[in-house]
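Quick notes on the structure that follows.
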Amino acid sequence: MDFALMGFGVSNRSVLKFILEKKLGKVFVSENGKIGEEDKKFFTDNDVDFEENGNTKKLLDSDLIIYSPSVRPDSPLIGDAVKKDRAIGEIEFAWRYVLKGSKVIAITGSNGKTTTVSLIDHVLKEAGINHFTGGNIGTAASDRRDEKVSVLEISSFQLMGTKTFDPEVGAILNISPNHLDWHKDLDEYVNAKMKLSEAKVFLYNADSSYIPSNKGLRVSRSDGSIKIKDGEFEMYGDTFSLRDSKLFGIHNVYNAAFASVISKFIGASNEDIQKALKTFKPLEHRQELFARIDGVTYINDSKSTTSESTLMALDNFKGSIVIICGRPKEKDYSDLVDGLKRKAKSVIIMGDIVPKVKPLMKDLVYFEVTSMEDAVLKAKSIARDGDVVLLSPGATSFDMFKNYEERGETFKRIVMK
């Protein structure tokens, strides 16, 4: 069988590795950008044909095309191949070829995916349960080998490339308008996420207004199979507290509840779960309290790339001096600005998002700057004892930084300097 890889990022590198390892057939790599010399040598050594600086119709000569998550399934070059089941995404490839014999757990959501998947990984390690953790979290699903449990973080882009993907457990943490610079509209984005509702066991946040009412297990403050409260949650009659953990904020109660239900389904005990909740260290760049200087608290929430995630952060740090920045991926930021007016002390704006939010910021104390250093200096100059300076951008990092990690690290470095 002949395979073609459209794009050669993290996921398709793992696909190539699996195909070569299992000797499934010949491979052709088509990369829209430039291919590095080390990769070219690897291709030559392994009899892999390739092209760079553009995708051509040579892709269509293969029996099966695996396209990167960044590629839309209706793109002109492969649209017909997708309809004929001759082109699939990496998650679909993994489902058909790699994940056989593994109990697959798939988690998606607009916010909280990585924290929830990382927490499940931590619980399962505490419980001594052999498992694979991957997907959108950084390790491709196609890297799984013989683990009996596979916990996958799945993005809407990846779900767009699935056809027969049918995990044992599907979970939707929440849905809010997101990635509308890539998706055609909100309906397409929601429908992509809702593919997981067809899983054998479906778990969803019944308090998230964009998730259609469903027959799955409900996680809710008011009426749920798993009941959410301030600082704790109730699961099958047992209460689990986060008060002794490093997880704070109502959003993390939801994340912990999802992680705990899924971990229990896999085989973790209540004792394993409660111990893991206490010992889990929250990930960087997600409402990360990293400094207190001259009575001012500094929070790095660079991972917040949507209005909803920034508003969640503001619920935990009311009255903050908030830094909003980055490249917008939402069409309308009026909800964000309304929330800033209600919850923020003042706002500092910079980057590509400025034209989107500045016209809406009447009756709001705000400052416009052109660099992260200027943003930190302005925040320092207006902050008083007891204040919180919160980097929670509400947009992607790609106007000024290569990723949200670099943005967060830059913020922390400047503050500490």
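How things are named: the first chain in the structure tokens is A, the next is B, and so on; residues count from 1 in each chain; ligands count from 1 in the order shown.
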List as a list in words the protein and nucleic acid residues near A:Gly138, meaning an atom at most 10 Å away when only C-alpha atoms are counted, but skip any in the same chain fewer than 2 places from it.
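Non-adjacent residues within range: Val10, Ser11, Thr114, Thr133, Gly134, Gly135, Asn136, Ala140, Ala141 and Glu153 of chain A.
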Picked from stretch 255-359 of chain A by DSSP as strand (DSSP E or B), as a PyMOL selection string:
chain A and resi 288-293+296-300+320-325+327+344-350
Save out the residues we just selected, N, CA and C atoms, as a PDB file, in the first residue's frame.
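The resulting file, part.pdb, is shown below:
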ATOM      1  N   GLU A 288      -0.854  30.734  36.368  1.00  0.00           N
ATOM      2  CA  GLU A 288       0.340  30.377  37.138  1.00  0.00           C
ATOM      3  C   GLU A 288       0.787  31.569  37.998  1.00  0.00           C
ATOM      4  N   LEU A 289       0.650  31.427  39.310  1.00  0.00           N
ATOM      5  CA  LEU A 289       1.141  32.449  40.229  1.00  0.00           C
ATOM      6  C   LEU A 289       2.647  32.218  40.399  1.00  0.00           C
ATOM      7  N   PHE A 290       3.446  33.140  39.877  1.00  0.00           N
ATOM      8  CA  PHE A 290       4.886  32.899  39.868  1.00  0.00           C
ATOM      9  C   PHE A 290       5.697  33.940  40.635  1.00  0.00           C
ATOM     10  N   ALA A 291       5.079  35.058  41.039  1.00  0.00           N
ATOM     11  CA  ALA A 291       5.869  36.076  41.750  1.00  0.00           C
ATOM     12  C   ALA A 291       4.973  36.981  42.580  1.00  0.00           C
ATOM     13  N   ARG A 292       5.520  37.408  43.721  1.00  0.00           N
ATOM     14  CA  ARG A 292       4.935  38.499  44.499  1.00  0.00           C
ATOM     15  C   ARG A 292       6.056  39.490  44.755  1.00  0.00           C
ATOM     16  N   ILE A 293       5.938  40.680  44.226  1.00  0.00           N
ATOM     17  CA  ILE A 293       6.997  41.691  44.300  1.00  0.00           C
ATOM     18  C   ILE A 293       6.390  43.010  44.772  1.00  0.00           C
ATOM     19  N   VAL A 296       2.715  43.144  45.075  1.00  0.00           N
ATOM     20  CA  VAL A 296       1.929  42.909  43.852  1.00  0.00           C
ATOM     21  C   VAL A 296       2.107  41.446  43.415  1.00  0.00           C
ATOM     22  N   THR A 297       0.997  40.777  43.127  1.00  0.00           N
ATOM     23  CA  THR A 297       1.012  39.382  42.674  1.00  0.00           C
ATOM     24  C   THR A 297       0.980  39.335  41.147  1.00  0.00           C
ATOM     25  N   TYR A 298       1.822  38.483  40.556  1.00  0.00           N
ATOM     26  CA  TYR A 298       1.905  38.367  39.096  1.00  0.00           C
ATOM     27  C   TYR A 298       1.442  36.971  38.665  1.00  0.00           C
ATOM     28  N   ILE A 299       0.497  36.945  37.725  1.00  0.00           N
ATOM     29  CA  ILE A 299      -0.096  35.704  37.232  1.00  0.00           C
ATOM     30  C   ILE A 299       0.188  35.557  35.742  1.00  0.00           C
ATOM     31  N   ASN A 300       0.761  34.416  35.365  1.00  0.00           N
ATOM     32  CA  ASN A 300       1.028  34.109  33.957  1.00  0.00           C
ATOM     33  C   ASN A 300      -0.056  33.158  33.447  1.00  0.00           C
ATOM     34  N   SER A 320      -8.097  42.846  38.739  1.00  0.00           N
ATOM     35  CA  SER A 320      -6.713  42.762  38.267  1.00  0.00           C
ATOM     36  C   SER A 320      -6.385  43.864  37.262  1.00  0.00           C
ATOM     37  N   ILE A 321      -5.093  44.098  37.125  1.00  0.00           N
ATOM     38  CA  ILE A 321      -4.563  44.845  35.984  1.00  0.00           C
ATOM     39  C   ILE A 321      -4.284  43.787  34.916  1.00  0.00           C
ATOM     40  N   VAL A 322      -5.028  43.804  33.824  1.00  0.00           N
ATOM     41  CA  VAL A 322      -5.022  42.706  32.854  1.00  0.00           C
ATOM     42  C   VAL A 322      -4.289  43.112  31.580  1.00  0.00           C
ATOM     43  N   ILE A 323      -3.400  42.230  31.118  1.00  0.00           N
ATOM     44  CA  ILE A 323      -2.711  42.450  29.847  1.00  0.00           C
ATOM     45  C   ILE A 323      -3.385  41.601  28.782  1.00  0.00           C
ATOM     46  N   ILE A 324      -3.975  42.284  27.782  1.00  0.00           N
ATOM     47  CA  ILE A 324      -4.651  41.644  26.651  1.00  0.00           C
ATOM     48  C   ILE A 324      -3.770  41.849  25.423  1.00  0.00           C
ATOM     49  N   CYS A 325      -3.453  40.763  24.707  1.00  0.00           N
ATOM     50  CA  CYS A 325      -2.545  40.928  23.572  1.00  0.00           C
ATOM     51  C   CYS A 325      -2.640  39.727  22.639  1.00  0.00           C
ATOM     52  N   ARG A 327      -2.801  37.826  18.501  1.00  0.00           N
ATOM     53  CA  ARG A 327      -3.530  37.805  17.226  1.00  0.00           C
ATOM     54  C   ARG A 327      -4.934  37.264  17.464  1.00  0.00           C
ATOM     55  N   ALA A 344     -12.187  43.990  35.801  1.00  0.00           N
ATOM     56  CA  ALA A 344     -10.790  44.422  35.822  1.00  0.00           C
ATOM     57  C   ALA A 344     -10.639  45.805  36.439  1.00  0.00           C
ATOM     58  N   LYS A 345      -9.499  46.035  37.049  1.00  0.00           N
ATOM     59  CA  LYS A 345      -9.174  47.369  37.557  1.00  0.00           C
ATOM     60  C   LYS A 345      -8.756  48.267  36.403  1.00  0.00           C
ATOM     61  N   SER A 346      -7.898  47.764  35.536  1.00  0.00           N
ATOM     62  CA  SER A 346      -7.478  48.464  34.324  1.00  0.00           C
ATOM     63  C   SER A 346      -6.941  47.439  33.340  1.00  0.00           C
ATOM     64  N   VAL A 347      -6.765  47.871  32.087  1.00  0.00           N
ATOM     65  CA  VAL A 347      -6.376  46.946  31.020  1.00  0.00           C
ATOM     66  C   VAL A 347      -5.225  47.542  30.219  1.00  0.00           C
ATOM     67  N   ILE A 348      -4.284  46.684  29.866  1.00  0.00           N
ATOM     68  CA  ILE A 348      -3.178  47.067  28.983  1.00  0.00           C
ATOM     69  C   ILE A 348      -3.318  46.253  27.708  1.00  0.00           C
ATOM     70  N   ILE A 349      -3.318  46.907  26.561  1.00  0.00           N
ATOM     71  CA  ILE A 349      -3.530  46.213  25.286  1.00  0.00           C
ATOM     72  C   ILE A 349      -2.340  46.414  24.360  1.00  0.00           C
ATOM     73  N   MET A 350      -2.061  45.385  23.556  1.00  0.00           N
ATOM     74  CA  MET A 350      -1.004  45.499  22.544  1.00  0.00           C
ATOM     75  C   MET A 350      -1.191  44.418  21.489  1.00  0.00           C
TER      76      MET A 350
END
A:Gly170 environment, 10 Å, only C-alpha atoms, sequence neighbours closer than 5 positions dropped, as a PyMOL selection string:
chain A and resi 104-108+152+154+193-204+216+262
Any chance you can output those residues with N, CA and C atoms as a JSON list (two decimals), in the first residue's frame?
[["chain", "number", "residue", "atom", "x", "y", "z"],
["A", 104, "VAL", "N", -9.45, 3.44, 24.45],
["A", 104, "VAL", "CA", -9.15, 4.82, 24.05],
["A", 104, "VAL", "C", -10.07, 5.80, 24.77],
["A", 105, "ILE", "N", -9.45, 6.79, 25.41],
["A", 105, "ILE", "CA", -10.17, 7.86, 26.10],
["A", 105, "ILE", "C", -9.86, 9.15, 25.35],
["A", 106, "ALA", "N", -10.88, 9.85, 24.86],
["A", 106, "ALA", "CA", -10.68, 11.07, 24.07],
["A", 106, "ALA", "C", -11.30, 12.26, 24.78],
["A", 107, "ILE", "N", -10.52, 13.31, 24.97],
["A", 107, "ILE", "CA", -10.98, 14.50, 25.70],
["A", 107, "ILE", "C", -10.81, 15.73, 24.82],
["A", 108, "THR", "N", -11.87, 16.51, 24.70],
["A", 108, "THR", "CA", -11.79, 17.76, 23.96],
["A", 108, "THR", "C", -12.46, 18.87, 24.77],
["A", 152, "LEU", "N", -6.16, 10.51, 25.20],
["A", 152, "LEU", "CA", -5.84, 11.43, 24.12],
["A", 152, "LEU", "C", -6.51, 12.78, 24.31],
["A", 154, "ILE", "N", -7.77, 15.80, 22.23],
["A", 154, "ILE", "CA", -8.18, 15.92, 20.82],
["A", 154, "ILE", "C", -8.68, 17.32, 20.53],
["A", 193, "LYS", "N", -16.53, 19.12, 17.65],
["A", 193, "LYS", "CA", -16.39, 18.68, 19.05],
["A", 193, "LYS", "C", -17.41, 17.59, 19.38],
["A", 194, "MET", "N", -18.62, 17.77, 18.89],
["A", 194, "MET", "CA", -19.71, 16.85, 19.25],
["A", 194, "MET", "C", -19.56, 15.46, 18.65],
["A", 195, "LYS", "N", -18.58, 15.24, 17.81],
["A", 195, "LYS", "CA", -18.32, 13.88, 17.32],
["A", 195, "LYS", "C", -18.06, 12.93, 18.49],
["A", 196, "LEU", "N", -17.51, 13.46, 19.57],
["A", 196, "LEU", "CA", -17.20, 12.60, 20.72],
["A", 196, "LEU", "C", -18.46, 12.16, 21.48],
["A", 197, "SER", "N", -19.59, 12.79, 21.19],
["A", 197, "SER", "CA", -20.83, 12.38, 21.86],
["A", 197, "SER", "C", -21.28, 10.99, 21.41],
["A", 198, "GLU", "N", -20.67, 10.48, 20.32],
["A", 198, "GLU", "CA", -21.01, 9.14, 19.82],
["A", 198, "GLU", "C", -20.18, 8.05, 20.49],
["A", 199, "ALA", "N", -19.28, 8.44, 21.43],
["A", 199, "ALA", "CA", -18.45, 7.45, 22.12],
["A", 199, "ALA", "C", -19.32, 6.50, 22.94],
["A", 200, "LYS", "N", -18.77, 5.35, 23.27],
["A", 200, "LYS", "CA", -19.53, 4.36, 24.04],
["A", 200, "LYS", "C", -19.96, 4.93, 25.39],
["A", 201, "VAL", "N", -19.08, 5.70, 26.04],
["A", 201, "VAL", "CA", -19.42, 6.43, 27.26],
["A", 201, "VAL", "C", -19.13, 7.91, 26.98],
["A", 202, "PHE", "N", -20.15, 8.75, 27.13],
["A", 202, "PHE", "CA", -19.99, 10.17, 26.84],
["A", 202, "PHE", "C", -20.19, 10.98, 28.11],
["A", 203, "LEU", "N", -19.26, 11.89, 28.36],
["A", 203, "LEU", "CA", -19.25, 12.72, 29.56],
["A", 203, "LEU", "C", -19.15, 14.17, 29.11],
["A", 204, "TYR", "N", -20.04, 15.05, 29.62],
["A", 204, "TYR", "CA", -19.99, 16.44, 29.13],
["A", 204, "TYR", "C", -20.38, 17.43, 30.21],
["A", 216, "GLY", "N", -25.48, 11.85, 27.66],
["A", 216, "GLY", "CA", -24.30, 11.40, 28.37],
["A", 216, "GLY", "C", -24.34, 11.69, 29.86],
["A", 262, "ILE", "N", -13.05, 9.89, 34.78],
["A", 262, "ILE", "CA", -12.40, 9.08, 33.74],
["A", 262, "ILE", "C", -11.38, 8.13, 34.37]]
In Å, rounded to a single decimal, give me how far atom CA of A:Ile91 is from atom CA of A:Asn130.
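Atom CA of A:Ile91 lies 21.1 Å from atom CA of A:Asn130.
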From the set A:Ala395, A:Leu247, A:Leu364, A:Ile226, which residue has the shortest atom-to-atom contact distance to A:Arg342, counting only C-alpha atoms?
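Among the listed residues, the smallest separation from A:Arg342 belongs to A:Leu364.
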Length of the atom CA of A:Met416 to atom CA of A:Ser118 vector [Å]:
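Rounded to one decimal, the two atoms are 27.4 Å apart.
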Write out as number ranges by chain which residues come within 9 Å of A:Phe132 when counting only C-alpha atoms, dropping same-chain ones fewer than 6 positions away.
A: 121, 141, 143-152
For A:Phe317, which residue among A:Asp45, A:Asp181, A:Glu51, A:Asp387 is the nearest when counting only C-alpha atoms?
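Of A:Asp45, A:Asp181, A:Glu51, A:Asp387, the one nearest A:Phe317 is A:Asp387, counting only C-alpha atoms.
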Would you kindly return, as a PyMOL selection string, each protein, DNA or RNA residue with an atom no farther than 7 Å from any atom of A:Ser302, considering only C-alpha atoms and excluding same-chain residues fewer than 2 positions away?
chain A and resi 285-286+300+304+391-393+404+407-408
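Counting only C-alpha atoms and comparing A:Phe3, A:Phe165, A:Phe8, A:Phe18, the residue that lies closest to A:Asp61 is A:Phe3.
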